[in-house]
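J.: One file is attached below, target-v4.tsv, containing TSV, C-alpha atoms and all ligand atoms.
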chain	number	residue	atom	x	y	z
A	1	MET	CA	-26.85	-14.11	20.23
A	2	ARG	CA	-28.74	-12.37	17.44
A	3	LEU	CA	-28.34	-8.64	18.03
A	4	LEU	CA	-30.67	-6.09	16.48
A	5	ILE	CA	-28.66	-2.93	15.88
A	6	THR	CA	-30.71	0.06	14.79
A	7	GLY	CA	-29.09	2.82	12.73
A	8	GLY	CA	-26.17	0.56	11.79
A	9	ALA	CA	-25.37	2.44	8.59
A	10	GLY	CA	-24.58	5.62	10.54
A	11	PHE	CA	-21.30	6.75	12.04
A	12	ILE	CA	-21.16	5.18	15.51
A	13	ALA	CA	-23.22	2.04	14.90
A	14	SER	CA	-21.24	1.09	11.76
A	15	ASN	CA	-18.10	1.23	13.89
A	16	TYR	CA	-19.93	-0.76	16.57
A	17	ILE	CA	-21.05	-3.49	14.14
A	18	ARG	CA	-17.44	-3.93	13.02
A	19	HIS	CA	-16.43	-4.15	16.68
A	20	VAL	CA	-19.08	-6.78	17.53
A	21	LEU	CA	-18.30	-9.00	14.56
A	22	SER	CA	-14.63	-9.15	15.51
A	23	ALA	CA	-14.99	-9.20	19.34
A	24	HIS	CA	-17.82	-11.79	19.47
A	25	PRO	CA	-17.32	-14.48	16.83
A	26	GLU	CA	-20.53	-16.25	17.88
A	27	TYR	CA	-22.81	-13.20	17.44
A	28	HIS	CA	-25.04	-12.44	14.48
A	29	VAL	CA	-25.86	-8.79	13.75
A	30	VAL	CA	-29.11	-7.63	12.17
A	31	ASN	CA	-28.72	-4.03	11.05
A	32	LEU	CA	-32.03	-2.16	10.70
A	33	ASP	CA	-31.53	1.23	9.07
A	34	LYS	CA	-33.85	3.55	7.17
A	35	LEU	CA	-30.95	4.98	5.16
A	36	THR	CA	-31.72	8.62	5.74
A	37	TYR	CA	-29.22	11.16	4.40
A	38	ALA	CA	-26.91	10.05	7.26
A	39	GLY	CA	-27.08	6.30	6.60
A	40	ASN	CA	-24.36	5.07	4.27
A	41	LEU	CA	-23.91	1.40	3.38
A	42	GLU	CA	-20.41	2.17	2.20
A	43	ASN	CA	-19.49	2.42	5.89
A	44	LEU	CA	-19.97	-1.36	6.09
A	45	ARG	CA	-18.54	-2.45	2.78
A	46	ASP	CA	-15.76	-4.54	4.39
A	47	ILE	CA	-18.19	-6.65	6.43
A	48	GLU	CA	-21.36	-6.72	4.32
A	49	ALA	CA	-20.57	-10.17	2.88
A	50	SER	CA	-20.19	-11.75	6.33
A	51	GLU	CA	-22.56	-14.64	7.02
A	52	ARG	CA	-23.00	-13.20	10.50
A	53	TYR	CA	-24.45	-9.94	9.17
A	54	THR	CA	-27.92	-9.14	7.79
A	55	PHE	CA	-29.08	-5.75	6.54
A	56	ILE	CA	-32.72	-4.70	6.55
A	57	ARG	CA	-33.72	-1.37	5.15
A	58	GLY	CA	-36.52	-0.07	7.32
A	59	ASP	CA	-37.85	2.53	9.70
A	60	ILE	CA	-37.95	2.03	13.48
A	61	CYS	CA	-41.32	3.82	13.32
A	62	ASP	CA	-42.70	0.86	11.30
A	63	ARG	CA	-44.07	-1.40	14.02
A	64	GLU	CA	-45.22	-4.14	11.68
A	65	LEU	CA	-41.76	-4.44	10.19
A	66	LEU	CA	-40.19	-4.66	13.67
A	67	GLU	CA	-42.59	-7.42	14.64
A	68	GLY	CA	-41.37	-9.54	11.75
A	69	ILE	CA	-37.67	-9.42	12.70
A	70	GLU	CA	-36.04	-12.15	14.81
A	71	PHE	CA	-33.52	-11.15	17.44
A	72	ASP	CA	-32.50	-11.75	21.07
A	73	ALA	CA	-31.54	-8.21	22.17
A	74	ILE	CA	-31.60	-4.63	20.86
A	75	ILE	CA	-28.88	-1.99	20.83
A	76	HIS	CA	-30.64	1.14	19.71
A	77	PHE	CA	-28.48	3.75	17.96
A	78	ALA	CA	-30.87	5.00	15.24
A	79	ALA	CA	-31.63	8.69	15.56
A	80	GLU	CA	-31.77	12.01	13.84
A	81	SER	CA	-28.52	13.29	15.30
A	82	HIS	CA	-27.56	16.77	14.09
A	83	VAL	CA	-28.40	19.78	16.29
A	84	ASP	CA	-28.39	22.30	13.42
A	85	ARG	CA	-30.95	20.25	11.49
A	86	SER	CA	-33.18	20.03	14.58
A	87	ILE	CA	-33.17	23.84	14.77
A	88	LEU	CA	-34.39	24.03	11.17
A	89	ASP	CA	-37.03	21.28	11.50
A	90	ALA	CA	-37.67	19.38	14.73
A	91	ARG	CA	-40.32	17.03	13.38
A	92	PRO	CA	-38.17	14.14	12.09
A	93	PHE	CA	-36.37	14.22	15.46
A	94	LEU	CA	-39.63	13.75	17.32
A	95	GLU	CA	-40.78	10.97	15.01
A	96	THR	CA	-37.61	8.90	14.98
A	97	ASN	CA	-36.10	9.68	18.36
A	98	ILE	CA	-39.31	9.53	20.38
A	99	MET	CA	-41.91	7.48	18.47
A	100	GLY	CA	-39.31	5.12	17.01
A	101	THR	CA	-37.82	4.48	20.45
A	102	ASN	CA	-41.29	3.83	21.84
A	103	ASN	CA	-41.86	1.12	19.19
A	104	LEU	CA	-38.61	-0.59	20.18
A	105	LEU	CA	-39.59	-0.43	23.85
A	106	GLU	CA	-42.92	-2.07	23.03
A	107	ILE	CA	-41.16	-4.87	21.16
A	108	ALA	CA	-38.67	-5.32	24.03
A	109	ARG	CA	-41.60	-5.51	26.44
A	110	GLN	CA	-43.47	-8.11	24.37
A	111	ARG	CA	-40.42	-10.28	23.82
A	112	GLU	CA	-38.89	-9.74	27.26
A	113	CYS	CA	-35.53	-8.96	25.68
A	114	THR	CA	-32.77	-6.56	26.72
A	115	LEU	CA	-32.70	-3.08	25.17
A	116	LEU	CA	-29.63	-0.86	25.40
A	117	HIS	CA	-30.57	2.70	24.51
A	118	ILE	CA	-27.75	4.89	23.14
A	119	SER	CA	-28.24	8.43	24.36
A	120	THR	CA	-26.08	11.52	24.64
A	121	ASP	CA	-24.59	13.92	27.22
A	122	GLU	CA	-26.58	16.67	25.48
A	123	VAL	CA	-29.65	15.66	27.52
A	124	TYR	CA	-28.00	17.35	30.53
A	125	GLY	CA	-27.75	20.73	28.77
A	126	SER	CA	-24.82	23.02	29.38
A	127	THR	CA	-22.72	23.42	32.51
A	128	ALA	CA	-20.31	26.25	33.34
A	129	GLU	CA	-18.34	24.17	35.83
A	130	GLY	CA	-18.20	20.66	37.25
A	131	PHE	CA	-19.19	17.47	35.46
A	132	PHE	CA	-22.42	15.75	34.51
A	133	ASN	CA	-23.02	12.56	36.45
A	134	GLU	CA	-25.90	10.13	35.97
A	135	ASP	CA	-28.01	12.00	38.55
A	136	SER	CA	-27.61	15.43	36.97
A	137	PRO	CA	-30.97	16.92	35.95
A	138	LEU	CA	-32.03	16.64	32.32
A	139	MET	CA	-32.02	20.19	30.91
A	140	PRO	CA	-31.95	19.81	27.10
A	141	ASN	CA	-31.51	23.03	25.11
A	142	SER	CA	-31.92	22.00	21.46
A	143	PRO	CA	-34.83	20.13	19.86
A	144	TYR	CA	-32.36	17.28	19.19
A	145	ALA	CA	-31.38	17.11	22.87
A	146	ALA	CA	-35.02	17.41	23.94
A	147	SER	CA	-36.00	14.49	21.69
A	148	LYS	CA	-33.17	12.37	23.13
A	149	ALA	CA	-34.12	13.34	26.70
A	150	SER	CA	-37.72	12.37	25.90
A	151	SER	CA	-36.61	8.96	24.67
A	152	ASP	CA	-34.46	8.49	27.80
A	153	LEU	CA	-37.51	9.21	29.95
A	154	LEU	CA	-39.60	6.75	27.96
A	155	VAL	CA	-36.96	4.08	28.55
A	156	ARG	CA	-37.02	4.90	32.25
A	157	SER	CA	-40.81	4.67	32.31
A	158	TYR	CA	-40.79	1.22	30.65
A	159	ILE	CA	-38.26	0.02	33.21
A	160	GLU	CA	-40.42	1.32	36.08
A	161	THR	CA	-43.83	0.44	34.66
A	162	HIS	CA	-43.27	-2.69	32.63
A	163	ASN	CA	-40.13	-3.96	34.33
A	164	ILE	CA	-38.27	-4.35	31.04
A	165	ARG	CA	-34.53	-5.08	31.10
A	166	ALA	CA	-33.08	-1.87	29.69
A	167	MET	CA	-30.05	0.37	30.17
A	168	ILE	CA	-29.11	3.82	28.92
A	169	THR	CA	-25.68	5.16	27.94
A	170	ARG	CA	-24.97	8.89	27.62
A	171	CYS	CA	-21.79	9.59	25.71
A	172	SER	CA	-19.90	12.78	24.95
A	173	ASN	CA	-18.97	14.02	21.44
A	174	ASN	CA	-17.53	11.26	19.24
A	175	TYR	CA	-14.98	11.55	16.46
A	176	GLY	CA	-13.32	9.00	14.17
A	177	PRO	CA	-13.73	7.26	10.79
A	178	TYR	CA	-17.06	7.36	8.91
A	179	GLN	CA	-18.49	10.42	10.68
A	180	PHE	CA	-20.82	12.33	8.37
A	181	PRO	CA	-19.06	15.54	7.29
A	182	GLU	CA	-21.72	17.89	8.68
A	183	LYS	CA	-20.28	17.42	12.21
A	184	LEU	CA	-17.44	19.66	13.37
A	185	ILE	CA	-14.36	17.43	13.05
A	186	PRO	CA	-14.99	15.80	9.66
A	187	LEU	CA	-16.32	19.12	8.33
A	188	VAL	CA	-13.08	20.89	9.26
A	189	ILE	CA	-10.90	18.14	7.79
A	190	SER	CA	-12.81	17.90	4.50
A	191	ASN	CA	-13.12	21.67	4.10
A	192	ALA	CA	-9.40	22.10	4.84
A	193	ALA	CA	-8.50	19.45	2.24
A	194	GLY	CA	-10.73	21.25	-0.29
A	195	ARG	CA	-9.46	24.74	0.80
A	196	LYS	CA	-13.03	25.76	1.71
A	197	PRO	CA	-13.93	28.19	4.54
A	198	ILE	CA	-14.26	26.67	8.01
A	199	PRO	CA	-17.35	28.08	9.78
A	200	VAL	CA	-16.65	28.65	13.48
A	201	TYR	CA	-19.83	29.45	15.42
A	202	GLY	CA	-19.77	32.44	17.81
A	203	ASP	CA	-16.43	33.04	19.52
A	204	GLY	CA	-15.20	29.45	19.04
A	205	MET	CA	-14.87	29.01	22.81
A	206	ASN	CA	-17.67	26.47	23.26
A	207	VAL	CA	-16.27	23.41	24.97
A	208	ARG	CA	-16.99	19.78	24.06
A	209	ASP	CA	-15.66	16.61	25.67
A	210	TRP	CA	-14.29	14.46	22.80
A	211	ILE	CA	-14.05	10.67	22.74
A	212	HIS	CA	-12.76	8.40	19.97
A	213	VAL	CA	-15.57	6.30	18.50
A	214	SER	CA	-13.64	3.06	19.18
A	215	ASP	CA	-13.66	3.86	22.91
A	216	HIS	CA	-17.41	4.55	22.74
A	217	CYS	CA	-17.95	1.18	20.99
A	218	ARG	CA	-15.98	-0.66	23.68
A	219	ALA	CA	-18.00	1.17	26.34
A	220	VAL	CA	-21.33	0.17	24.74
A	221	ASP	CA	-20.12	-3.42	24.69
A	222	ALA	CA	-19.06	-3.19	28.34
A	223	VAL	CA	-22.47	-1.88	29.41
A	224	PHE	CA	-24.33	-4.46	27.30
A	225	HIS	CA	-22.40	-7.34	28.89
A	226	LYS	CA	-21.57	-6.07	32.38
A	227	GLY	CA	-23.97	-3.21	33.12
A	228	SER	CA	-26.82	-3.56	35.61
A	229	ALA	CA	-30.40	-3.58	34.37
A	230	GLY	CA	-32.24	-0.31	34.83
A	231	GLU	CA	-29.07	1.79	35.12
A	232	VAL	CA	-27.73	4.82	33.26
A	233	TYR	CA	-24.02	5.05	32.37
A	234	ASN	CA	-22.18	8.19	31.30
A	235	ILE	CA	-19.36	7.65	28.80
A	236	GLY	CA	-16.56	10.14	28.29
A	237	SER	CA	-12.81	10.37	28.18
A	238	ARG	CA	-12.11	13.52	30.24
A	239	ASN	CA	-10.98	15.45	27.21
A	240	GLU	CA	-12.52	18.90	27.15
A	241	MET	CA	-11.48	21.29	24.41
A	242	PRO	CA	-12.74	24.60	23.01
A	243	ASN	CA	-13.80	24.32	19.37
A	244	ILE	CA	-11.25	26.81	18.07
A	245	GLU	CA	-8.38	24.83	19.57
A	246	ILE	CA	-9.52	21.72	17.71
A	247	VAL	CA	-9.98	23.66	14.48
A	248	LYS	CA	-6.43	25.02	14.69
A	249	LEU	CA	-4.96	21.63	15.56
A	250	ILE	CA	-6.68	20.07	12.55
A	251	LEU	CA	-5.58	22.85	10.21
A	252	GLU	CA	-1.95	22.52	11.36
A	253	THR	CA	-1.99	18.74	10.93
A	254	VAL	CA	-3.68	18.81	7.52
A	255	ALA	CA	-1.20	21.46	6.30
A	256	GLU	CA	1.69	19.34	7.50
A	257	ARG	CA	0.31	16.14	5.88
A	258	LEU	CA	-0.27	17.98	2.58
A	259	GLY	CA	3.29	19.38	2.65
A	260	LEU	CA	2.11	23.00	3.00
A	261	GLU	CA	3.80	25.75	5.02
A	262	ASP	CA	2.99	26.16	8.72
A	263	GLY	CA	-0.17	28.24	9.08
A	264	ALA	CA	-1.02	27.94	5.37
A	265	LEU	CA	-4.64	26.92	6.09
A	266	MET	CA	-5.37	29.24	9.03
A	267	ASP	CA	-6.98	31.86	6.76
A	268	LEU	CA	-9.82	29.42	6.14
A	269	ILE	CA	-11.13	30.07	9.67
A	270	THR	CA	-14.35	32.08	9.28
A	271	TYR	CA	-16.25	33.22	12.34
A	272	VAL	CA	-20.00	33.05	11.66
A	273	ASP	CA	-23.18	33.82	13.62
A	274	ASP	CA	-23.61	31.63	16.65
A	275	ARG	CA	-25.92	28.60	16.63
A	276	LYS	CA	-29.25	29.39	18.35
A	277	GLY	CA	-29.31	28.12	21.93
A	278	HIS	CA	-25.68	27.00	21.56
A	279	ASP	CA	-24.62	24.97	24.62
A	280	ARG	CA	-21.46	26.47	26.10
A	281	ARG	CA	-19.87	23.45	27.71
A	282	TYR	CA	-20.40	19.69	28.04
A	283	ALA	CA	-18.30	17.70	30.49
A	284	ILE	CA	-18.88	14.09	31.52
A	285	ASP	CA	-17.90	12.20	34.64
A	286	PRO	CA	-17.40	8.57	33.51
A	287	ALA	CA	-16.50	7.20	36.98
A	288	LYS	CA	-19.55	4.91	37.21
A	289	ILE	CA	-18.92	2.92	34.04
A	290	GLU	CA	-15.22	2.67	34.93
A	291	ARG	CA	-16.01	1.41	38.41
A	292	GLU	CA	-18.79	-1.01	37.49
A	293	THR	CA	-17.54	-2.48	34.21
A	294	GLY	CA	-13.77	-1.91	34.25
A	295	TRP	CA	-13.99	0.03	30.95
A	296	LYS	CA	-11.48	2.82	30.36
A	297	PRO	CA	-10.83	4.99	27.31
A	298	GLU	CA	-7.68	3.91	25.46
A	299	THR	CA	-7.20	6.52	22.75
A	300	ALA	CA	-5.42	9.75	23.69
A	301	PHE	CA	-6.86	12.72	21.79
A	302	LYS	CA	-3.64	13.66	19.95
A	303	GLU	CA	-3.22	10.12	18.65
A	304	GLY	CA	-6.93	9.72	17.84
A	305	ILE	CA	-7.29	13.00	15.98
A	306	THR	CA	-4.10	12.39	13.96
A	307	GLY	CA	-5.37	8.93	12.97
A	308	THR	CA	-8.76	10.40	12.09
A	309	ILE	CA	-7.23	13.14	9.92
A	310	GLU	CA	-5.12	10.52	8.14
A	311	TRP	CA	-8.21	8.35	7.60
A	312	TYR	CA	-10.15	11.23	6.00
A	313	LEU	CA	-7.23	12.24	3.80
A	314	ALA	CA	-6.86	8.62	2.67
A	315	HIS	CA	-10.62	8.20	2.06
A	316	GLU	CA	-11.38	11.33	0.10
A	317	GLU	CA	-13.53	9.32	-2.30
A	318	TRP	CA	-15.82	8.38	0.62
A	319	TRP	CA	-16.53	11.94	1.76
A	320	GLN	CA	-16.40	13.52	-1.71
A	321	ARG	CA	-19.34	11.34	-2.72
A	322	ILE	CA	-21.22	12.73	0.29
A	323	VAL	CA	-20.33	16.40	0.00
A	324	SER	CA	-20.97	16.40	-3.75
A	325	GLY	CA	-24.42	14.89	-3.18
A	326	GLU	CA	-23.44	12.05	-5.51
A	327	TYR	CA	-23.77	9.31	-2.92
A	328	MET	CA	-27.48	8.67	-3.31
A	329	ASN	CA	-26.84	7.85	-6.98
A	330	TYR	CA	-23.94	5.69	-5.88
A	331	TYR	CA	-26.28	3.76	-3.58
A	332	ASN	CA	-28.72	3.15	-6.36
A	333	VAL	CA	-26.02	1.72	-8.61
A	334	GLN	CA	-24.22	-0.31	-5.92
A	335	TYR	CA	-27.13	-1.41	-3.79
A	336	GLY	CA	-30.17	-0.81	-6.01
A	337	GLU	CA	-31.66	-4.27	-5.67
A	338	ARG	CA	-31.49	-4.25	-1.90
A	339	LEU	CA	-32.86	-0.74	-1.63
A	340	LYS	CA	-36.09	-1.68	-3.38
A	341	ASN	CA	-37.55	-3.37	-0.30
B	1	LIG	P1	-25.73	9.28	12.47
B	1	LIG	O1	-26.61	10.43	12.12
B	1	LIG	O2	-24.38	9.17	11.85
B	1	LIG	O3	-26.50	7.90	12.12
B	1	LIG	C1	-27.85	7.71	12.41
B	1	LIG	C2	-28.31	6.47	11.66
B	1	LIG	O4	-29.68	6.21	12.01
B	1	LIG	C3	-28.28	6.62	10.12
B	1	LIG	O5	-27.70	5.46	9.55
B	1	LIG	C4	-29.74	6.76	9.75
B	1	LIG	O6	-30.03	6.28	8.43
B	1	LIG	C5	-30.41	5.93	10.82
B	1	LIG	N1	-31.81	6.33	11.05
B	1	LIG	C6	-32.29	7.59	11.23
B	1	LIG	N2	-33.62	7.55	11.39
B	1	LIG	C7	-34.00	6.24	11.32
B	1	LIG	C8	-35.23	5.55	11.44
B	1	LIG	N3	-36.39	6.23	11.62
B	1	LIG	N4	-35.25	4.21	11.36
B	1	LIG	C9	-34.08	3.51	11.15
B	1	LIG	N5	-32.88	4.11	11.01
B	1	LIG	C10	-32.84	5.46	11.11
B	1	LIG	O7	-25.65	9.25	14.05
B	1	LIG	P2	-24.42	8.95	15.03
B	1	LIG	O8	-23.63	10.19	15.19
B	1	LIG	O9	-23.76	7.70	14.60
B	1	LIG	O10	-25.22	8.70	16.39
B	1	LIG	C11	-25.75	7.41	16.70
B	1	LIG	C12	-26.43	7.47	18.06
B	1	LIG	O11	-25.49	7.88	19.06
B	1	LIG	C13	-27.58	8.47	18.13
B	1	LIG	O12	-28.61	7.91	18.93
B	1	LIG	C14	-26.98	9.69	18.83
B	1	LIG	O13	-27.96	10.41	19.54
B	1	LIG	C15	-25.98	9.02	19.76
B	1	LIG	N6	-24.81	9.84	20.14
B	1	LIG	C16	-24.05	10.44	19.17
B	1	LIG	C17	-22.91	11.16	19.54
B	1	LIG	C18	-22.01	11.81	18.50
B	1	LIG	O14	-21.07	12.52	18.88
B	1	LIG	N7	-22.22	11.59	17.21
B	1	LIG	C19	-22.58	11.29	20.89
B	1	LIG	C20	-23.38	10.66	21.85
B	1	LIG	C21	-24.49	9.92	21.44
B	2	LIG	P1	-21.31	19.30	16.30
B	2	LIG	O1	-20.25	18.46	15.68
B	2	LIG	O2	-22.49	19.70	15.49
B	2	LIG	O3	-21.76	18.51	17.63
B	2	LIG	P2	-22.72	19.00	18.85
B	2	LIG	O4	-23.43	20.21	18.47
B	2	LIG	O5	-23.63	17.83	18.96
B	2	LIG	O6	-21.80	19.17	20.01
B	2	LIG	O7	-20.64	20.63	16.88
B	2	LIG	C1	-19.57	20.57	17.79
B	2	LIG	C2	-19.25	21.99	18.21
B	2	LIG	O8	-18.74	22.69	17.07
B	2	LIG	C3	-20.47	22.78	18.65
B	2	LIG	O9	-20.07	23.66	19.71
B	2	LIG	C4	-20.86	23.59	17.42
B	2	LIG	C5	-19.53	23.84	16.75
B	2	LIG	N1	-19.56	23.93	15.27
B	2	LIG	C6	-18.95	25.00	14.62
B	2	LIG	O10	-18.38	25.91	15.26
B	2	LIG	N2	-18.98	25.04	13.25
B	2	LIG	C7	-19.59	24.07	12.51
B	2	LIG	O11	-19.63	24.17	11.25
B	2	LIG	C8	-20.21	22.97	13.19
B	2	LIG	C9	-20.90	21.87	12.41
B	2	LIG	C10	-20.17	22.93	14.57
Kindly return the structure encoded in the file as structure tokens.
T.:
Amino acid sequence: MRLLITGGAGFIASNYIRHVLSAHPEYHVVNLDKLTYAGNLENLRDIEASERYTFIRGDICDRELLEGIEFDAIIHFAAESHVDRSILDARPFLETNIMGTNNLLEIARQRECTLLHISTDEVYGSTAEGFFNEDSPLMPNSPYAASKASSDLLVRSYIETHNIRAMITRCSNNYGPYQFPEKLIPLVISNAAGRKPIPVYGDGMNVRDWIHVSDHCRAVDAVFHKGSAGEVYNIGSRNEMPNIEIVKLILETVAERLGLEDGALMDLITYVDDRKGHDRRYAIDPAKIERETGWKPETAFKEGITGTIEWYLAHEEWWQRIVSGEYMNYYNVQYGERLKN
């Protein structure tokens, strides 16, 4: 099996590539990534020399490039992924998340190969009570979520119209190693370590349903191997929490790990203006994937967040290069030759 993984230098797909190479010793991974600000080859440093791994720097919007790549199936993670950036400028979201996905669907149609599309629970919008299931209406509220919902609908249309073998997963908020420090959890950890203010949007009572990235990777694998063609699978670990509770838990744990007094970092909490169109609550019902594939989340939040905090504290060099803006220079020195193509 030669798997094309798009967006493999990002947070979730870099974790997924590591998972595939160890779980499926006979698989070869081709990682196609444009290396936007969010793509970081350092995320893959431990596996980049593997003979079962190939990196191609390229854009999923580049159809000619896609046509020249050999593979048997596609797992499509590449996306513009940050809500705040989509509020500032939606265009790159429309190009990559919609037009890029359409290119991959065309290739999957031509080659009659499986495409697993990685989507998000944000396509369902916000819900005050109850849980999103796969039949919940799509009610996206941010340009990011709207671009992901659009790509989900394109996938659906290719299944219905062209009979391609495709599936969609919609996962809740991920956390874990290698997450870009613009997202809530790594931002709080890195700001706490650097004693910088922690911006909490609105009243801090927005609820997200958090899943460890390793559980998401196992779920993607389960759907790829055991899911039914044409189906949508929600992925979540039934772990809803208000943002402020997570922020406080992180600040307590970081203070403890750094040998500071209890509460020493709490003053960093800074309430700021709310995000425009800020979804109040996401909550996923993962019963279908559990029933049909036997997948279950394995990482309890307390254990997962503690491990994640420890990972960030132990890998300060990794995130310092990002927050200082130095990492693009680092790429050019470390990977210059490969980045010329
Ligand atoms: P990320 O921003 O960390 O990584 C995205 C990757 O895609 C980067 O490596 C980037 O360089 C690459 N990329 C962007 N545009 C590209 C293009 N035009 N061509 C090729 N590569 C391109 O994202 P993430 O958080 O790892 O999310 C991965 C996927 O999972 C996305 O589709 C996202 O919608 C979905 N998802 C994310 C979460 C979450 O909590 N982070 C939850 C559910 C679903
Ligand atoms: P984020 O990690 O951006 O994920 P998403 O918007 O896709 O859920 O944000 C998670 C939650 O944290 C969301 O309710 C917005 C909030 N948030 C803050 O309060 N402060 C911040 O600095 C960030 C980045 C997010």
J.: As a ChimeraX atom specification, please: every protein or nucleic acid residue near ligand LIG 2 (chain B) (cut-off 9 Å, counting only C-alpha atoms and all ligand atoms).
T.: /A:81-84,120,122,144-145,172-175,181-188,198-209,242-244,247,271-272,274-275,278-282
J.: If you measure from atom O4 of ligand LIG 1 (chain B) to CA of Asn97 (chain A), what distance in Å do you get, rounded to one decimal?
T.: 9.7 Å
J.: Could you tell me how far CA of Asp59 (chain A) lies from CA of Leu116 (chain A), in Å and to one decimal?
T.: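 Atom-to-atom, CA of Asp59 (chain A) and CA of Leu116 (chain A) are spaced 18.0 Å apart.
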J.: Kindly compute an axis-aligned box around the listed atoms of ligand LIG 1 (chain B), allowing 4 Å on each side, and express its centre and edge lengths in Å to one decimal as AutoDock Vina command-line options.
T.:
--center_x -28.7 --center_y 8.0 --center_z 15.1 --size_x 23.3 --size_y 17.0 --size_z 21.4
J.: For a quick check of understanding, using all atoms listed in the file, which of A:Leu105, A:Leu21, A:Ile75, A:Ile118 has the smallest distance to ligand LIG 1 (chain B)?
T.: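 Comparing A:Leu105, A:Leu21, A:Ile75, A:Ile118 against ligand LIG 1 (chain B), the winner is A:Ile118.
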J.: All residues within 8 Å of ligand LIG 1 (chain B) are required, counting all atoms listed in the file; please report them as an NGL selection string.
T.: :A and (6-14 or 32-40 or 57-61 or 76-82 or 95-97 or 100 or 117-122 or 148 or 170-175 or 179-180 or 183)
J.: Please, what distance in Å, to one decimal, runs between CA of Asp135 (chain A) and CA of Ile159 (chain A)?
T.: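 Atom-to-atom, CA of Asp135 (chain A) to CA of Ile159 (chain A), that is 16.6 Å.
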J.: Which of these residues is nearest to Thr161 (chain A), using all atoms listed in the file: A:Gly227, A:Tyr53, A:Arg109, A:His315?
T.: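 Closest residue, counting all atoms listed in the file: A:Arg109.
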J.: What lies within 9 Å of Leu138 (chain A) using all atoms listed in the file, ignoring chain neighbours under 5 positions off, as a PyMOL selection string?
T.: chain A and resi 122-125+146+149
J.: I'd like the contact shell of Trp318 (chain A) - 10 Å cut-off, all atoms listed in the file, skipping same-chain residues fewer than 6 positions apart - returned as an NGL selection string.
T.: :A and (40 or 42-43 or 178 or 312 or 327)
J.: Find, counting only C-alpha atoms, the residue in A:Ala264, A:Ile211, A:Ala219, A:Ile269 that gets nearest to His19 (chain A).
T.: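 For His19 (chain A), the nearest of the given residues is A:Ala219.
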J.: Which residue is closest to Tyr158 (chain A)? Choose from A:Glu106, A:Ser237, A:Ser136, A:Glu112 and count all atoms listed in the file.
T.: A:Glu106
J.: Compile a residue-level contact table for region 144-255 of chain A against region 62-74 of chain A at a cut-off of 10 Å, reporting for every qualifying residue the shortest atom pair and its distance in Å to one decimal, with only C-alpha atoms counted, rows ordered by chain and ascending number, as CSV.
T.:
residue,atom,partner,partner_atom,distance
A:Arg165,CA,A:Ala73,CA,9.9
A:Ala166,CA,A:Ile74,CA,9.4
A:Phe224,CA,A:Ala73,CA,9.6
